[in-house]
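Novice: You'll find start.txt just under this line, and it carries compact mmCIF, C-alpha atoms.
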# COMPACT_ATOMS: atom_id res chain seq x y z
CA MET A 15 102.86 69.84 -60.23
CA ALA A 16 99.93 67.47 -59.64
CA PHE A 17 102.28 64.87 -58.11
CA ALA A 18 103.80 67.44 -55.74
CA GLN A 19 100.35 68.70 -54.76
CA ARG A 20 99.14 65.16 -53.97
CA GLN A 21 102.21 64.61 -51.80
CA GLU A 22 101.76 67.90 -49.93
CA PHE A 23 97.95 67.69 -49.52
CA PRO A 24 97.03 63.99 -49.56
CA ALA A 25 93.57 64.38 -47.98
CA SER A 26 92.29 66.90 -50.52
CA PRO A 27 91.23 66.53 -54.15
CA HIS A 28 93.48 67.97 -56.84
CA VAL A 29 90.65 70.27 -57.91
CA GLU A 30 88.05 71.50 -55.41
CA TRP A 31 84.95 72.19 -57.49
CA PRO A 32 82.37 74.74 -56.25
CA GLY A 33 79.22 73.13 -54.91
CA ARG A 34 80.81 69.69 -54.54
CA VAL A 35 80.40 68.08 -51.11
CA PRO A 36 83.93 67.71 -49.69
CA ASP A 37 85.33 64.29 -48.84
CA ASN A 38 87.72 65.85 -46.31
CA PRO A 39 86.24 65.55 -42.77
CA TRP A 40 87.72 68.90 -41.71
CA LEU A 41 86.08 70.63 -44.67
CA GLN A 42 82.81 68.85 -43.94
CA ALA A 43 82.93 70.29 -40.41
CA PHE A 44 83.79 73.78 -41.69
CA ASP A 45 80.83 73.54 -44.09
CA TRP A 46 78.51 72.41 -41.28
CA ILE A 47 79.72 75.27 -39.08
CA ARG A 48 79.08 77.85 -41.82
CA SER A 49 75.54 76.51 -42.34
CA ASN A 50 74.51 75.69 -38.76
CA THR A 51 76.11 78.08 -36.28
CA PRO A 52 75.29 81.73 -35.70
CA PRO A 53 77.31 84.18 -37.84
CA LYS A 54 78.77 85.65 -34.64
CA ALA A 55 79.86 82.25 -33.28
CA TYR A 56 83.41 82.40 -31.91
CA PHE A 57 85.49 79.23 -32.05
CA VAL A 58 88.55 77.74 -30.44
CA ILE A 59 90.52 75.05 -32.30
CA ASP A 60 93.81 73.30 -31.66
CA PRO A 61 96.32 76.13 -32.22
CA TYR A 62 98.25 73.77 -34.52
CA TYR A 63 95.15 72.52 -36.38
CA LEU A 64 96.57 73.40 -39.80
CA GLU A 65 99.23 70.71 -39.34
CA ARG A 66 96.84 67.98 -38.17
CA PRO A 67 96.55 64.89 -40.37
CA GLY A 68 93.96 65.37 -43.09
CA GLU A 69 93.44 69.10 -42.50
CA ASP A 70 95.76 70.00 -45.40
CA PHE A 71 96.18 73.68 -44.43
CA HIS A 72 92.59 74.75 -45.18
CA GLY A 73 91.91 78.02 -43.37
CA PHE A 74 89.04 77.89 -40.89
CA ARG A 75 88.08 81.58 -41.03
CA ALA A 76 87.71 81.67 -44.81
CA LEU A 77 85.83 78.39 -45.19
CA ALA A 78 83.66 78.36 -42.06
CA GLU A 79 83.15 82.14 -42.20
CA ARG A 80 83.45 82.31 -38.43
CA SER A 81 85.91 83.84 -35.98
CA VAL A 82 88.46 81.73 -34.13
CA LEU A 83 91.09 82.32 -31.45
CA ALA A 84 94.64 82.83 -32.67
CA ASP A 85 96.57 79.87 -34.02
CA GLN A 86 100.29 79.19 -33.78
CA LEU A 87 101.05 79.04 -37.49
CA LYS A 88 99.60 81.69 -39.80
CA ASP A 89 98.49 84.12 -37.07
CA ARG A 90 102.00 84.20 -35.62
CA SER A 91 103.31 85.82 -38.81
CA ALA A 92 100.47 88.38 -38.87
CA ALA A 93 101.22 89.30 -35.25
CA SER A 94 104.93 89.72 -36.02
CA LEU A 95 104.08 92.24 -38.75
CA SER A 96 101.48 94.20 -36.79
CA PRO A 97 102.38 95.40 -33.29
CA GLY A 98 98.70 96.11 -32.65
CA LEU A 99 97.89 92.42 -33.03
CA ALA A 100 100.91 91.08 -31.14
CA ASP A 101 99.59 91.59 -27.59
CA GLU A 102 96.24 89.94 -28.30
CA TRP A 103 97.90 87.09 -30.21
CA LEU A 104 100.24 86.47 -27.26
CA LYS A 105 97.35 86.44 -24.74
CA GLN A 106 95.35 84.00 -26.84
CA SER A 107 98.38 81.82 -27.56
CA GLU A 108 99.34 81.56 -23.91
CA ALA A 109 95.75 80.72 -22.96
CA GLN A 110 95.83 77.71 -25.33
CA GLN A 111 99.25 76.36 -24.32
CA ASN A 112 98.05 73.07 -22.82
CA TRP A 113 95.43 72.42 -25.52
CA LYS A 114 95.93 68.66 -25.59
CA SER A 115 94.98 68.35 -21.92
CA PHE A 116 92.06 70.82 -21.90
CA SER A 117 88.94 69.82 -20.01
CA ARG A 118 85.46 71.31 -20.09
CA ALA A 119 86.55 73.73 -17.34
CA ASP A 120 89.40 75.01 -19.56
CA PHE A 121 86.97 75.65 -22.42
CA VAL A 122 84.61 77.47 -20.03
CA GLY A 123 87.61 79.55 -18.89
CA LEU A 124 88.32 80.53 -22.51
CA LYS A 125 84.66 81.46 -22.89
CA GLU A 126 84.82 83.69 -19.81
CA ARG A 127 88.12 85.28 -20.83
CA PHE A 128 87.72 85.67 -24.61
CA GLY A 129 84.04 85.02 -25.37
CA VAL A 130 84.49 81.81 -27.39
CA ASP A 131 81.30 79.78 -27.43
CA TRP A 132 82.18 76.84 -29.72
CA VAL A 133 85.03 74.36 -29.96
CA LEU A 134 86.19 72.17 -32.83
CA PHE A 135 88.48 69.31 -31.89
CA GLU A 136 89.90 66.13 -33.27
CA ARG A 137 88.15 63.03 -32.01
CA ALA A 138 91.45 61.14 -31.77
CA SER A 139 92.76 63.67 -29.25
CA ARG A 140 89.48 63.73 -27.27
CA PRO A 141 87.52 60.48 -27.40
CA SER A 142 84.93 61.98 -25.02
CA SER A 143 83.05 65.25 -25.41
CA ASP A 144 83.69 65.89 -21.68
CA GLY A 145 80.14 67.08 -20.98
CA LEU A 146 79.99 69.50 -23.92
CA THR A 147 76.97 69.57 -26.24
CA CYS A 148 78.21 68.41 -29.66
CA PRO A 149 75.64 68.82 -32.44
CA TYR A 150 78.07 67.71 -35.18
CA GLN A 151 80.71 65.04 -35.54
CA ASN A 152 82.23 62.90 -38.22
CA TRP A 153 84.90 60.23 -38.00
CA GLN A 154 87.70 62.78 -37.45
CA VAL A 155 86.35 65.92 -35.75
CA ARG A 156 83.64 67.07 -33.36
CA VAL A 157 81.94 70.49 -33.09
CA CYS A 158 80.67 71.39 -29.60
CA ARG A 159 79.04 74.32 -27.84
CA ILE A 160 80.66 75.69 -24.73
CA ASP A 161 77.69 76.10 -22.38
Take the structure I supplied and represent it as structure tokens, if you would.

Specialist:
Amino acid sequence: MAFAQRQEFPASPHVEWPGRVPDNPWLQAFDWIRSNTPPKAYFVIDPYYLERPGEDFHGFRALAERSVLADQLKDRSAASLSPGLADEWLKQSEAQQNWKSFSRADFVGLKERFGVDWVLFERASRPSSDGLTCPYQNWQVRVCRID
């Protein structure tokens, strides 16, 4: 089982001990977000973030304790089971369709449309912060306010 787990989740320790500072840069960002953003902060992340290298399928909402726009992986199944969620999931999903080419103006548009006020993105996909204020970054991700 340990071998299979290491193959499936290579960027995460076999046992994640409470109180231990995570080595995973995604988890470091989630921890920073939980400790340094307002409880009502509303995030937008790559809708496929769970599949990004090193993320290892750690859920943002549970670990950062913040809200986030719909994603294309786990939220899709929730929307398929709950007709009440399906319309909102579809609106949010369509609004994030061209995520990889988003500019500051696109993030501001999401803020105006959905109320998101923070963005978490991979540094490899966005070498520049594009005029956003980014109070946290590590070698893999950046956390920015949408002003």

Novice: Return the single residue from A:Pro52, A:Pro39, A:Gly123, A:Gly98 that is closest to Arg156 of chain A, with distances computed using all atoms listed in the file.

Specialist: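 For Arg156 of chain A, the nearest of the candidates is A:Pro39.
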
Novice: Quick one: residues within 9 Å of Leu77 of chain A, all atoms listed in the file counted, chain neighbours fewer than 2 positions away excluded, as a ChimeraX atom specification?

Specialist: /A:41,44-45,48,72-75,79-80

Novice: Go ahead and compute the interatomic distance for atom CA of Glu126 of chain A and atom CA of Trp153 of chain A, in Å to one decimal.

Specialist: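 Those two atoms sit 29.7 Å apart.
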
Novice: What's the 12 Å shell around Tyr63 of chain A, counting all atoms listed in the file, without same-chain residues fewer than 2 positions away, as a ChimeraX atom specification?

Specialist: /A:40,58-61,65-74,82-88,113-114,134-136,139,155

Novice: Using all atoms listed in the file, can you tell me which of A:Ile160, A:Tyr56, A:Ser91, A:Asn38 comes closest to Asp120 of chain A?

Specialist: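 Of A:Ile160, A:Tyr56, A:Ser91, A:Asn38, the one nearest Asp120 of chain A, counting all atoms listed in the file, is A:Ile160.
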
Novice: Nearest to Val130 of chain A among A:Cys148, A:Leu64, A:Leu95, A:Cys158, with distances taken over all atoms listed in the file: which residue is it?

Specialist: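 Closest candidate: A:Cys158.
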
Novice: Quick one: residues within 8 Å of Trp103 of chain A, all atoms listed in the file counted, chain neighbours fewer than 6 positions away excluded, as a PDB file with C-alpha atoms, in the coordinates of the input?

Specialist:
ATOM      1  CA  ALA A  84      94.640  82.830 -32.670  1.00  0.00           C
ATOM      2  CA  ASP A  89      98.490  84.120 -37.070  1.00  0.00           C
ATOM      3  CA  ARG A  90     102.000  84.200 -35.620  1.00  0.00           C
ATOM      4  CA  ALA A  93     101.220  89.300 -35.250  1.00  0.00           C
TER       5      ALA A  93
END

Novice: If we count only C-alpha atoms and set the cut-off at 8 Å, which residues sit around Asp131 of chain A, ignoring sequence neighbours fewer than 6 positions away in its own chain? Please answer as a PyMOL selection string.

Specialist: chain A and resi 55-57+125+159-161

Novice: So the first atom is atom CA of Arg137 of chain A and the second is atom CA of Gln154 of chain A; what is the distance between them in Å, to one decimal place?

Specialist: 5.5 Å

Novice: Padding of 8 Å on every side, edges along x, y and z, all listed atoms of segment 152-160 of chain A included: what centre and edge lengths in Å, to one decimal, does that box have, as JSON?

Specialist:
{"center_x": 83.4, "center_y": 68.0, "center_z": -31.5, "size_x": 24.7, "size_y": 31.5, "size_z": 29.5}

Novice: Out of A:Gln111, A:Ser96, A:Ser117, A:Thr51, which residue has the shortest atom-to-atom distance to Pro141 of chain A when counting all atoms listed in the file?

Specialist: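 For Pro141 of chain A, the nearest of the candidates is A:Ser117.
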
Novice: Give me, please, the distance in Å between atom CA of Ala138 of chain A and atom CA of Asp37 of chain A, quoted to one decimal.

Specialist: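 Taking atom CA of Ala138 of chain A and atom CA of Asp37 of chain A, their separation equals 18.4 Å.
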